[in-house]
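J.: The file below is coords20.cif, mmCIF, C-alpha atoms:
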data_work
loop_
_atom_site.label_atom_id
_atom_site.label_comp_id
_atom_site.auth_asym_id
_atom_site.auth_seq_id
_atom_site.Cartn_x
_atom_site.Cartn_y
_atom_site.Cartn_z
CA MET H 1 142.37 52.01 115.99
CA LYS H 2 143.12 48.92 118.06
CA ILE H 3 144.02 48.53 121.72
CA ILE H 4 146.37 45.68 122.62
CA VAL H 5 146.41 44.76 126.33
CA PRO H 6 149.05 42.34 127.65
CA MET H 7 147.88 41.07 131.06
CA ALA H 8 149.28 37.55 131.22
CA GLY H 9 151.30 37.73 134.44
CA ARG H 10 149.87 36.89 137.83
CA GLY H 11 151.87 39.56 139.64
CA SER H 12 153.59 38.97 142.97
CA ARG H 13 153.72 42.39 144.63
CA LEU H 14 149.98 42.44 145.31
CA ARG H 15 149.77 39.03 146.92
CA PRO H 16 147.79 37.49 148.51
CA HIS H 17 145.06 39.23 146.47
CA THR H 18 146.55 38.07 143.18
CA LEU H 19 146.73 34.44 144.26
CA THR H 20 143.10 34.08 143.26
CA VAL H 21 142.24 37.16 141.18
CA PRO H 22 144.34 38.51 138.27
CA LYS H 23 145.72 41.90 139.28
CA PRO H 24 144.12 43.74 136.31
CA LEU H 25 140.70 42.61 137.57
CA ILE H 26 141.09 43.95 141.11
CA PRO H 27 138.64 46.87 141.49
CA VAL H 28 139.86 50.39 142.15
CA ALA H 29 137.13 52.96 142.91
CA GLY H 30 134.56 50.34 142.02
CA LYS H 31 135.85 49.23 138.62
CA PRO H 32 138.51 46.62 137.69
CA ILE H 33 141.87 48.17 136.80
CA VAL H 34 141.86 46.88 133.21
CA HIS H 35 138.27 48.04 132.61
CA ARG H 36 139.09 51.52 133.85
CA LEU H 37 142.35 51.72 131.88
CA VAL H 38 140.92 50.56 128.55
CA SER H 39 137.82 52.75 128.90
CA ASP H 40 139.93 55.80 129.74
CA ILE H 41 142.27 55.20 126.78
CA ALA H 42 139.33 54.82 124.41
CA LYS H 43 137.79 58.02 125.78
CA VAL H 44 140.89 60.18 125.40
CA LEU H 45 141.78 58.78 121.96
CA GLY H 46 138.47 60.07 120.67
CA GLU H 47 138.50 57.56 117.79
CA GLN H 48 136.39 54.52 116.99
CA ILE H 49 137.99 51.45 118.54
CA GLU H 50 137.94 48.61 116.04
CA GLU H 51 139.31 45.86 118.27
CA VAL H 52 140.54 45.27 121.80
CA ALA H 53 142.94 42.31 122.01
CA PHE H 54 143.66 40.88 125.46
CA ILE H 55 146.70 38.67 126.06
CA LEU H 56 146.08 36.30 128.96
CA GLY H 57 148.10 33.63 130.70
CA ASP H 58 147.17 30.26 132.15
CA PRO H 59 143.48 29.42 131.49
CA ALA H 60 143.30 27.91 134.97
CA PHE H 61 143.89 31.42 136.35
CA PHE H 62 142.45 33.56 133.55
CA GLY H 63 139.34 31.46 133.15
CA ASP H 64 135.96 31.73 131.46
CA ASP H 65 134.69 34.40 133.87
CA VAL H 66 137.71 36.60 133.06
CA VAL H 67 137.22 36.11 129.32
CA LYS H 68 133.52 36.95 129.63
CA SER H 69 134.20 40.21 131.50
CA LEU H 70 136.83 41.28 128.97
CA MET H 71 134.61 40.54 125.98
CA GLN H 72 131.87 42.62 127.61
CA LEU H 73 134.38 45.44 128.07
CA ALA H 74 135.26 45.39 124.37
CA GLU H 75 131.60 45.26 123.38
CA SER H 76 130.84 48.27 125.61
CA LEU H 77 133.24 50.26 123.40
CA GLY H 78 131.62 49.04 120.20
CA ALA H 79 134.73 46.99 119.44
CA LYS H 80 135.56 43.41 118.59
CA GLY H 81 137.07 41.54 121.52
CA SER H 82 139.93 39.10 120.91
CA ILE H 83 141.51 36.75 123.41
CA TYR H 84 145.06 35.41 123.06
CA ARG H 85 147.12 33.23 125.38
CA GLN H 86 150.76 33.63 126.32
CA ASP H 87 151.65 30.05 127.19
CA GLU H 88 154.95 30.92 128.90
CA PRO H 89 155.98 34.11 130.75
CA LEU H 90 158.79 34.97 128.32
CA GLY H 91 158.63 38.77 128.45
CA THR H 92 156.83 41.79 127.09
CA GLY H 93 157.87 41.25 123.49
CA HIS H 94 156.79 37.62 123.60
CA ALA H 95 153.44 38.62 125.12
CA ILE H 96 152.73 41.09 122.32
CA MET H 97 153.66 38.53 119.69
CA SER H 98 151.14 36.13 121.20
CA ALA H 99 148.55 38.46 119.61
CA LYS H 100 150.33 38.67 116.25
CA ASP H 101 147.12 38.04 114.29
CA SER H 102 145.84 41.40 115.57
CA LEU H 103 149.07 43.35 115.03
CA SER H 104 148.23 45.50 112.03
CA GLY H 105 147.32 49.12 111.48
CA PRO H 106 147.26 51.88 114.11
CA ALA H 107 147.22 50.58 117.67
CA VAL H 108 147.81 51.46 121.30
CA ILE H 109 149.61 48.91 123.46
CA ALA H 110 148.85 49.32 127.17
CA TYR H 111 150.01 47.19 130.08
CA ALA H 112 147.12 46.58 132.46
CA ASP H 113 148.71 47.34 135.84
CA THR H 114 148.50 51.11 135.79
CA LEU H 115 145.92 53.89 135.58
CA ILE H 116 146.22 57.29 133.95
CA ARG H 117 144.59 60.67 133.55
CA ALA H 118 145.57 62.33 130.30
CA ASP H 119 144.58 64.08 127.10
CA PHE H 120 146.11 62.08 124.25
CA ASP H 121 147.23 64.38 121.46
CA LEU H 122 148.67 62.00 118.87
CA ASP H 123 151.49 63.33 116.72
CA LYS H 124 150.35 61.93 113.38
CA SER H 125 153.78 62.62 111.85
CA ALA H 126 155.42 60.17 114.27
CA ASP H 127 155.78 56.45 113.76
CA SER H 128 155.25 55.94 117.48
CA VAL H 129 154.36 57.77 120.68
CA ILE H 130 155.68 56.50 124.01
CA TRP H 131 153.90 57.98 127.00
CA VAL H 132 156.09 59.13 129.87
CA LYS H 133 155.76 60.78 133.27
CA GLN H 134 158.30 62.95 135.05
CA VAL H 135 159.51 61.13 138.18
CA ASP H 136 161.68 61.96 141.17
CA ARG H 137 163.77 58.77 141.09
CA PRO H 138 164.49 57.95 137.44
CA GLU H 139 167.04 55.32 138.42
CA ALA H 140 164.11 53.10 139.46
CA PHE H 141 162.45 53.19 136.04
CA GLY H 142 162.99 52.76 132.35
CA VAL H 143 163.44 56.25 130.92
CA VAL H 144 163.64 57.93 127.51
CA LYS H 145 166.50 60.03 126.19
CA LEU H 146 165.40 62.95 124.02
CA SER H 147 167.11 64.78 121.17
CA ASP H 148 167.17 68.55 120.78
CA GLN H 149 164.15 68.07 118.49
CA ASN H 150 162.21 66.45 121.37
CA GLU H 151 162.33 63.03 119.72
CA ILE H 152 163.11 59.82 121.59
CA VAL H 153 166.51 58.54 120.57
CA GLU H 154 167.15 55.93 123.26
CA LEU H 155 165.44 53.80 125.90
CA VAL H 156 167.49 53.25 129.05
CA GLU H 157 166.46 50.79 131.76
CA LYS H 158 167.08 51.97 135.35
CA PRO H 159 170.01 54.30 134.56
CA GLN H 160 172.62 54.60 137.30
CA GLU H 161 173.75 57.91 135.85
CA PHE H 162 171.20 60.59 134.93
CA VAL H 163 169.78 60.28 131.43
CA SER H 164 166.39 61.94 131.93
CA ASP H 165 163.57 62.00 134.47
CA LEU H 166 160.90 60.90 131.98
CA ALA H 167 159.80 57.38 132.92
CA VAL H 168 158.10 55.02 130.45
CA ILE H 169 154.68 54.19 131.86
CA GLY H 170 153.83 51.21 129.63
CA ILE H 171 151.49 52.81 127.06
CA TYR H 172 152.59 53.05 123.41
CA TYR H 173 151.02 54.17 120.13
CA PHE H 174 152.19 52.80 116.78
CA LYS H 175 151.03 54.29 113.48
CA ASP H 176 151.38 50.74 112.09
CA VAL H 177 151.88 48.14 114.80
CA GLY H 178 152.72 45.67 112.03
CA VAL H 179 156.17 47.28 111.86
CA LEU H 180 156.75 46.45 115.54
CA LYS H 181 155.47 42.94 114.84
CA ASN H 182 158.14 42.44 112.16
CA GLU H 183 160.92 43.66 114.44
CA LEU H 184 159.75 41.53 117.35
CA GLN H 185 159.62 38.51 115.06
CA TYR H 186 163.30 39.17 114.32
CA VAL H 187 163.97 39.40 118.08
CA LEU H 188 162.30 36.02 118.66
CA ASP H 189 163.89 34.34 115.64
CA ASN H 190 167.36 35.48 116.65
CA GLN H 191 166.97 34.76 120.36
CA ILE H 192 167.65 38.36 121.41
CA ILE H 193 167.09 38.07 125.15
CA ASN H 194 167.48 40.66 127.91
CA GLY H 195 166.92 39.83 131.54
CA GLY H 196 166.04 36.30 130.49
CA GLU H 197 163.09 37.49 128.39
CA TYR H 198 162.11 38.87 124.99
CA GLN H 199 161.47 42.58 125.49
CA ILE H 200 159.34 45.10 123.58
CA ASN H 201 162.27 47.54 123.89
CA ASP H 202 164.41 45.41 121.58
CA GLY H 203 161.78 45.68 118.86
CA ILE H 204 161.50 49.43 119.44
CA LYS H 205 165.28 49.86 119.30
CA ARG H 206 165.37 48.15 115.91
CA MET H 207 162.71 50.57 114.67
CA MET H 208 164.79 53.50 115.94
CA GLU H 209 167.90 52.17 114.20
CA LYS H 210 165.94 52.28 110.93
CA GLY H 211 165.22 55.97 111.40
CA MET H 212 161.63 55.79 112.55
CA LYS H 213 160.33 58.77 114.50
CA PHE H 214 159.46 58.27 118.17
CA VAL H 215 158.09 61.12 120.28
CA PRO H 216 157.07 61.38 123.93
CA GLY H 217 153.49 61.76 125.06
CA LYS H 218 152.87 63.03 128.57
CA VAL H 219 150.17 62.09 131.06
CA ASP H 220 148.77 64.32 133.76
CA GLU H 221 148.57 61.50 136.30
CA TRP H 222 150.15 58.07 136.43
CA MET H 223 148.83 55.78 139.14
CA ASP H 224 150.43 52.47 139.97
CA CYS H 225 148.63 49.40 141.30
CA GLY H 226 151.75 47.39 142.03
CA ASN H 227 151.34 46.67 145.74
CA LYS H 228 148.85 47.20 148.52
CA ASN H 229 150.01 50.61 149.69
CA VAL H 230 150.19 52.21 146.25
CA THR H 231 146.87 50.62 145.25
CA VAL H 232 145.21 52.21 148.29
CA GLU H 233 146.80 55.53 147.30
CA THR H 234 145.62 55.10 143.70
CA ASN H 235 142.10 54.44 144.99
CA GLN H 236 142.25 57.74 146.89
CA ARG H 237 143.39 59.69 143.85
CA MET H 238 140.88 58.07 141.52
CA LEU H 239 138.00 58.80 143.91
CA ASN H 240 139.01 62.46 143.92
CA PHE H 241 139.06 62.54 140.11
CA LEU H 242 135.70 60.79 139.80
CA LYS H 243 134.04 63.08 142.33
CA LYS H 244 135.39 66.12 140.46
CA ASP H 245 134.01 64.61 137.24
CA GLY H 246 130.59 64.39 138.87
CA GLU H 247 130.39 60.61 138.62
CA GLY H 248 127.84 58.93 140.90
CA LEU H 249 129.79 56.85 143.40
CA ILE H 250 127.23 55.72 145.96
CA ALA H 251 124.59 53.20 144.86
CA ASN H 252 120.95 53.97 145.58
CA SER H 253 120.54 50.50 147.07
CA VAL H 254 122.97 51.17 149.97
CA LYS H 255 121.28 50.50 153.30
CA LYS H 256 122.31 52.79 156.18
CA GLU H 257 121.44 52.47 159.86
CA ASN H 258 123.13 54.97 162.16
CA ALA H 259 125.89 55.24 159.58
CA ASN H 260 127.93 58.07 158.12
CA ILE H 261 129.70 58.29 154.75
CA VAL H 262 132.56 60.80 154.55
CA GLU H 263 133.10 61.44 150.83
CA PRO H 264 134.67 60.74 148.47
CA CYS H 265 133.80 57.05 148.65
CA PHE H 266 132.60 54.38 146.27
CA ILE H 267 129.85 52.27 147.84
CA GLY H 268 128.52 49.45 145.67
CA GLU H 269 125.10 47.89 145.24
CA ASN H 270 123.31 46.44 148.28
CA VAL H 271 126.05 47.38 150.75
CA VAL H 272 124.84 47.49 154.37
CA LEU H 273 126.32 50.05 156.76
CA LYS H 274 125.24 49.74 160.39
CA ASN H 275 126.67 51.77 163.28
CA THR H 276 129.57 52.55 161.00
CA THR H 277 131.56 55.47 159.64
CA VAL H 278 133.06 54.99 156.19
CA GLY H 279 135.49 57.38 154.57
CA PRO H 280 137.09 59.35 153.35
CA TYR H 281 138.71 57.43 150.47
CA VAL H 282 137.01 54.07 150.86
CA SER H 283 135.75 51.73 148.11
CA VAL H 284 133.30 49.01 149.14
CA GLY H 285 132.17 46.31 146.71
CA ALA H 286 128.63 45.03 146.24
CA ASP H 287 126.82 42.99 148.92
CA THR H 288 129.34 43.76 151.64
CA ILE H 289 128.24 44.38 155.24
CA LEU H 290 130.05 46.74 157.60
CA GLU H 291 128.86 46.86 161.19
CA ASN H 292 130.15 48.65 164.30
CA SER H 293 133.21 49.76 162.37
CA THR H 294 135.25 52.76 161.29
CA VAL H 295 136.92 52.50 157.88
CA LYS H 296 139.03 55.04 156.00
CA ASN H 297 141.65 54.99 153.23
CA SER H 298 140.77 51.39 152.33
CA LEU H 299 139.47 49.02 149.66
CA ILE H 300 136.99 46.29 150.56
CA GLN H 301 135.73 44.05 147.79
CA SER H 302 132.38 42.29 147.46
CA LYS H 303 130.38 39.87 149.61
CA SER H 304 132.49 40.43 152.73
CA LYS H 305 131.39 41.03 156.31
CA ILE H 306 133.40 43.37 158.51
CA THR H 307 132.40 43.92 162.14
CA ASN H 308 133.94 45.68 165.15
CA ALA H 309 136.83 46.91 163.02
CA ASN H 310 138.93 50.07 162.91
CA LEU H 311 140.57 50.02 159.48
CA ASP H 312 142.97 52.46 157.86
CA ASN H 313 145.14 51.75 154.78
CA ALA H 314 143.55 48.32 154.46
CA MET H 315 142.83 46.15 151.44
CA ILE H 316 140.35 43.30 151.91
CA GLY H 317 139.19 40.90 149.24
CA ASN H 318 135.95 39.10 148.40
CA HIS H 319 134.07 36.72 150.72
CA VAL H 320 136.07 37.75 153.79
CA VAL H 321 134.61 37.54 157.28
CA PHE H 322 136.47 39.69 159.77
CA ASP H 323 135.51 40.50 163.37
CA GLY H 324 137.92 42.89 165.05
CA ASN H 325 136.98 41.59 168.53
CA PHE H 326 138.46 38.14 167.94
CA GLU H 327 142.08 37.38 168.74
CA THR H 328 142.19 34.11 166.77
CA ILE H 329 141.78 34.82 163.07
CA SER H 330 141.27 32.56 160.07
CA ILE H 331 141.12 34.62 156.90
CA GLY H 332 141.20 33.87 153.19
CA ASP H 333 143.75 34.43 150.44
CA TYR H 334 142.36 37.84 149.59
CA SER H 335 143.58 39.64 152.73
CA VAL H 336 146.69 40.70 154.61
CA LEU H 337 146.69 41.50 158.33
CA GLU H 338 149.43 43.93 159.33
#
Step by step, read the file and then write its structure as C-alpha cells.
T.:
Amino acid sequence: MKIIVPMAGRGSRLRPHTLTVPKPLIPVAGKPIVHRLVSDIAKVLGEQIEEVAFILGDPAFFGDDVVKSLMQLAESLGAKGSIYRQDEPLGTGHAIMSAKDSLSGPAVIAYADTLIRADFDLDKSADSVIWVKQVDRPEAFGVVKLSDQNEIVELVEKPQEFVSDLAVIGIYYFKDVGVLKNELQYVLDNQIINGGEYQINDGIKRMMEKGMKFVPGKVDEWMDCGNKNVTVETNQRMLNFLKKDGEGLIANSVKKENANIVEPCFIGENVVLKNTTVGPYVSVGADTILENSTVKNSLIQSKSKITNANLDNAMIGNHVVFDGNFETISIGDYSVLE
C-alpha cells in the first residue's frame, strides 16, 4: 500500500501563518497537520505502508527542512519516502501526475489540509473508495451521487440543486492507482481543463465511464484546517479525541509557577507558565513562555513569549513576542490581531 500526499499549494485562507510555513506543517494539538493525517491513515488502514510520496511546490517555500521532516515521517511508518515537485499550480490532477513514477499498485491519495477520525473498511471488490462525510450545506462542497446499489455514479461540484449531502473530503483509495494515472495522462494530453486546472475528478469520471466500481467510505469525524477559526475548532476537537485515547499531552519538562492548566491542553517541551491559566483547549509549542496571562481555545506555536494577555480563539505563530499591555504593536507574519 502507498500513500500519495499532494501538498503543493501555499494556501491563502490561513494567512498570515502560511506566508512562512506551509499549511500542512502547522501544528494542531502538538503535531503538524500532514504528520497527523498520514499517521492516522496508516493506523486505520492496518496494512504495511510501502511508500509515502509527497508532492511539494516551490523549493523556496517547501525547503530542505520540510523535506527532512517528511522523510522522517515516512521512515517512522517503516516506509520509503519520496519527494516530487509540482512546478506550477495547475490543479489536483496535475499535482498527482507530478508523482507519476510512484503511481502503481494499491494506494490512498490524501490531500493534506484536513484531519479525520475513522475506521477504514476497504471494499476489496471496488476499484476505488471515495471517503465522504454527511454535511448540512452540500451546495458548498463537491458531493457524490449514489445508485440504488450504494455505488458512486457521479461527482457533482457545489450543486445548486440537491444531489446528495455526502461531501467528498479529499481522501481516495484506488485498487490500482496506475489506472487513474492512465486516465489523468489522457486528461493532460487532451487539455481537459475545468476551472482553469487539470482536476482529479476528470480522471475519475473517465474511470466511471469505463464501468469501474466506485463506493463511498464514511468517516466519523472530518476536521478542516482551512482558516484560523476552523483550525482553532479542529484543535479543540483533536484534543478531546487524544485525551479520550489516553495520549500524554503535557510534557514533563513544563515549568509552572503559580500556574493552572485546565485540560485538555497540549503543552510542549520546556514551556514556561508563570502566573498564568491555560485552557481548556489550548496547544502551546515547545520553548514558549506565557506570563501573567489567561489563554483558552487557542494555538500558540514554539519559541514565543506572551505576557499580560487575555486570549480566546487566538492563533499565534513561532518566534512571536506579544505584551498585552502595549498599545503600539509590531508583530511578525505568523499572527493576526483581531
J.: Fewer than 3 positions away in the same chain doesn't count, so skip those; otherwise give me all residues within 8 Å of range 263-275 of chain H, counting all atoms listed in the file, as a PyMOL selection string.
T.: chain H and resi 29-30+239-240+243+249-259+278-293
J.: Please produce a file of the residues just selected, as an mmCIF file, in the frame of the given file, where the atoms kept are C-alpha atoms.
T.:
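Now in selection_23.cif:
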data_model
loop_
_atom_site.group_PDB
_atom_site.id
_atom_site.type_symbol
_atom_site.label_atom_id
_atom_site.label_comp_id
_atom_site.auth_asym_id
_atom_site.auth_seq_id
_atom_site.Cartn_x
_atom_site.Cartn_y
_atom_site.Cartn_z
ATOM 1 C CA ALA H 29 137.130 52.960 142.910
ATOM 2 C CA GLY H 30 134.560 50.340 142.020
ATOM 3 C CA LEU H 239 138.000 58.800 143.910
ATOM 4 C CA ASN H 240 139.010 62.460 143.920
ATOM 5 C CA LYS H 243 134.040 63.080 142.330
ATOM 6 C CA LEU H 249 129.790 56.850 143.400
ATOM 7 C CA ILE H 250 127.230 55.720 145.960
ATOM 8 C CA ALA H 251 124.590 53.200 144.860
ATOM 9 C CA ASN H 252 120.950 53.970 145.580
ATOM 10 C CA SER H 253 120.540 50.500 147.070
ATOM 11 C CA VAL H 254 122.970 51.170 149.970
ATOM 12 C CA LYS H 255 121.280 50.500 153.300
ATOM 13 C CA LYS H 256 122.310 52.790 156.180
ATOM 14 C CA GLU H 257 121.440 52.470 159.860
ATOM 15 C CA ASN H 258 123.130 54.970 162.160
ATOM 16 C CA ALA H 259 125.890 55.240 159.580
ATOM 17 C CA VAL H 278 133.060 54.990 156.190
ATOM 18 C CA GLY H 279 135.490 57.380 154.570
ATOM 19 C CA PRO H 280 137.090 59.350 153.350
ATOM 20 C CA TYR H 281 138.710 57.430 150.470
ATOM 21 C CA VAL H 282 137.010 54.070 150.860
ATOM 22 C CA SER H 283 135.750 51.730 148.110
ATOM 23 C CA VAL H 284 133.300 49.010 149.140
ATOM 24 C CA GLY H 285 132.170 46.310 146.710
ATOM 25 C CA ALA H 286 128.630 45.030 146.240
ATOM 26 C CA ASP H 287 126.820 42.990 148.920
ATOM 27 C CA THR H 288 129.340 43.760 151.640
ATOM 28 C CA ILE H 289 128.240 44.380 155.240
ATOM 29 C CA LEU H 290 130.050 46.740 157.600
ATOM 30 C CA GLU H 291 128.860 46.860 161.190
ATOM 31 C CA ASN H 292 130.150 48.650 164.300
ATOM 32 C CA SER H 293 133.210 49.760 162.370
#
J.: Tell me, in Å to one decimal, how far CA of Leu155 in chain H is from CA of Met1 in chain H.
T.: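 Those two atoms sit 25.2 Å apart.
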J.: Tell me, as an NGL selection string, which residues lie within 7 Å of range 139-151 of chain H, counting all atoms listed in the file; anything in the same chain fewer than 5 positions away does not count.
T.: :H and (156-160 or 163-168 or 214-216)
J.: Could you expand the PyMOL selection byres ((chain H and resi 295) around 7) into the explicit residues it covers here, written as an mmCIF file with C-alpha atoms, keeping the file's coordinate frame?
T.:
data_model
loop_
_atom_site.group_PDB
_atom_site.id
_atom_site.type_symbol
_atom_site.label_atom_id
_atom_site.label_comp_id
_atom_site.auth_asym_id
_atom_site.auth_seq_id
_atom_site.Cartn_x
_atom_site.Cartn_y
_atom_site.Cartn_z
ATOM 1 C CA THR H 277 131.560 55.470 159.640
ATOM 2 C CA VAL H 278 133.060 54.990 156.190
ATOM 3 C CA GLY H 279 135.490 57.380 154.570
ATOM 4 C CA SER H 293 133.210 49.760 162.370
ATOM 5 C CA THR H 294 135.250 52.760 161.290
ATOM 6 C CA LYS H 296 139.030 55.040 156.000
ATOM 7 C CA SER H 298 140.770 51.390 152.330
ATOM 8 C CA ASN H 310 138.930 50.070 162.910
ATOM 9 C CA LEU H 311 140.570 50.020 159.480
ATOM 10 C CA ASP H 312 142.970 52.460 157.860
#
J.: Restricting the calculation to only C-alpha atoms: of H:Gln301, H:Gln134, H:Asn194, H:Ser76, which residue gets closest to Val219 in chain H?
T.: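 Residue with the minimum atom-to-atom distance to Val219 in chain H: H:Gln134.
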J.: When you draw a straight line from CA of Val52 in chain H to CA of Leu184 in chain H, how long is it in Å?
T.: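 For CA of Val52 in chain H relative to CA of Leu184 in chain H, the distance reads 20.1 Å.
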J.: If we count all atoms listed in the file and set the cut-off at 9 Å, which residues sit around Asn325 in chain H, ignoring sequence neighbours fewer than 2 positions away in its own chain? Please answer as a PyMOL selection string.
T.: chain H and resi 307-309+322-323+327
J.: Record the distance separating CA of Val179 in chain H and CA of Ile49 in chain H, expressed in Å with one decimal.
T.: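 Calculated distance between CA of Val179 in chain H and CA of Ile49 in chain H is 19.8 Å.
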J.: From the options H:Arg117, H:Lys228, H:Arg85, H:Arg206, which residue's atoms come nearest to Leu242 in chain H, counting only C-alpha atoms?
T.: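 Of H:Arg117, H:Lys228, H:Arg85, H:Arg206, the one nearest Leu242 in chain H, counting only C-alpha atoms, is H:Arg117.
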J.: What residues come out when you apply the PyMOL selection byres ((chain H and resi 123) around 12) to this file, written as a VMD selection string?
T.: chain H and resid 45 120 to 122 124 to 131 151 173 to 175 213 to 218
J.: Excluding Gly57 in chain H and its own-chain neighbours fewer than 3 positions away, which residues fall within 8 Å of it when counting all atoms listed in the file? Please give them as a ChimeraX atom specification.
T.: /H:7-9,61-62,85-89
J.: As a PyMOL selection string, please: the residues near Leu37 in chain H (cut-off 12 Å, only C-alpha atoms, same-chain neighbours under 2 positions excluded).
T.: chain H and resi 3-5+24-25+27-28+31-35+39-44+73+108-118+170-171+222-225+238
J.: For the provided coordinates, the residues matched by the PyMOL selection byres ((chain H and resi 75) around 12) should be stated as a ChimeraX atom specification.
T.: /H:35,38-39,49-53,68-74,76-82
J.: Nearest to Leu180 in chain H: which of H:Ile83, H:Ile204, H:Val321, H:Val232 is it, counting only C-alpha atoms?
T.: H:Ile204
J.: Pick from H:Lys23, H:His94, H:Arg36, H:Lys100: nearest to Val66 in chain H, with only C-alpha atoms counted?
T.: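 Once distances to Val66 in chain H are computed over only C-alpha atoms, the minimum belongs to H:Lys23.
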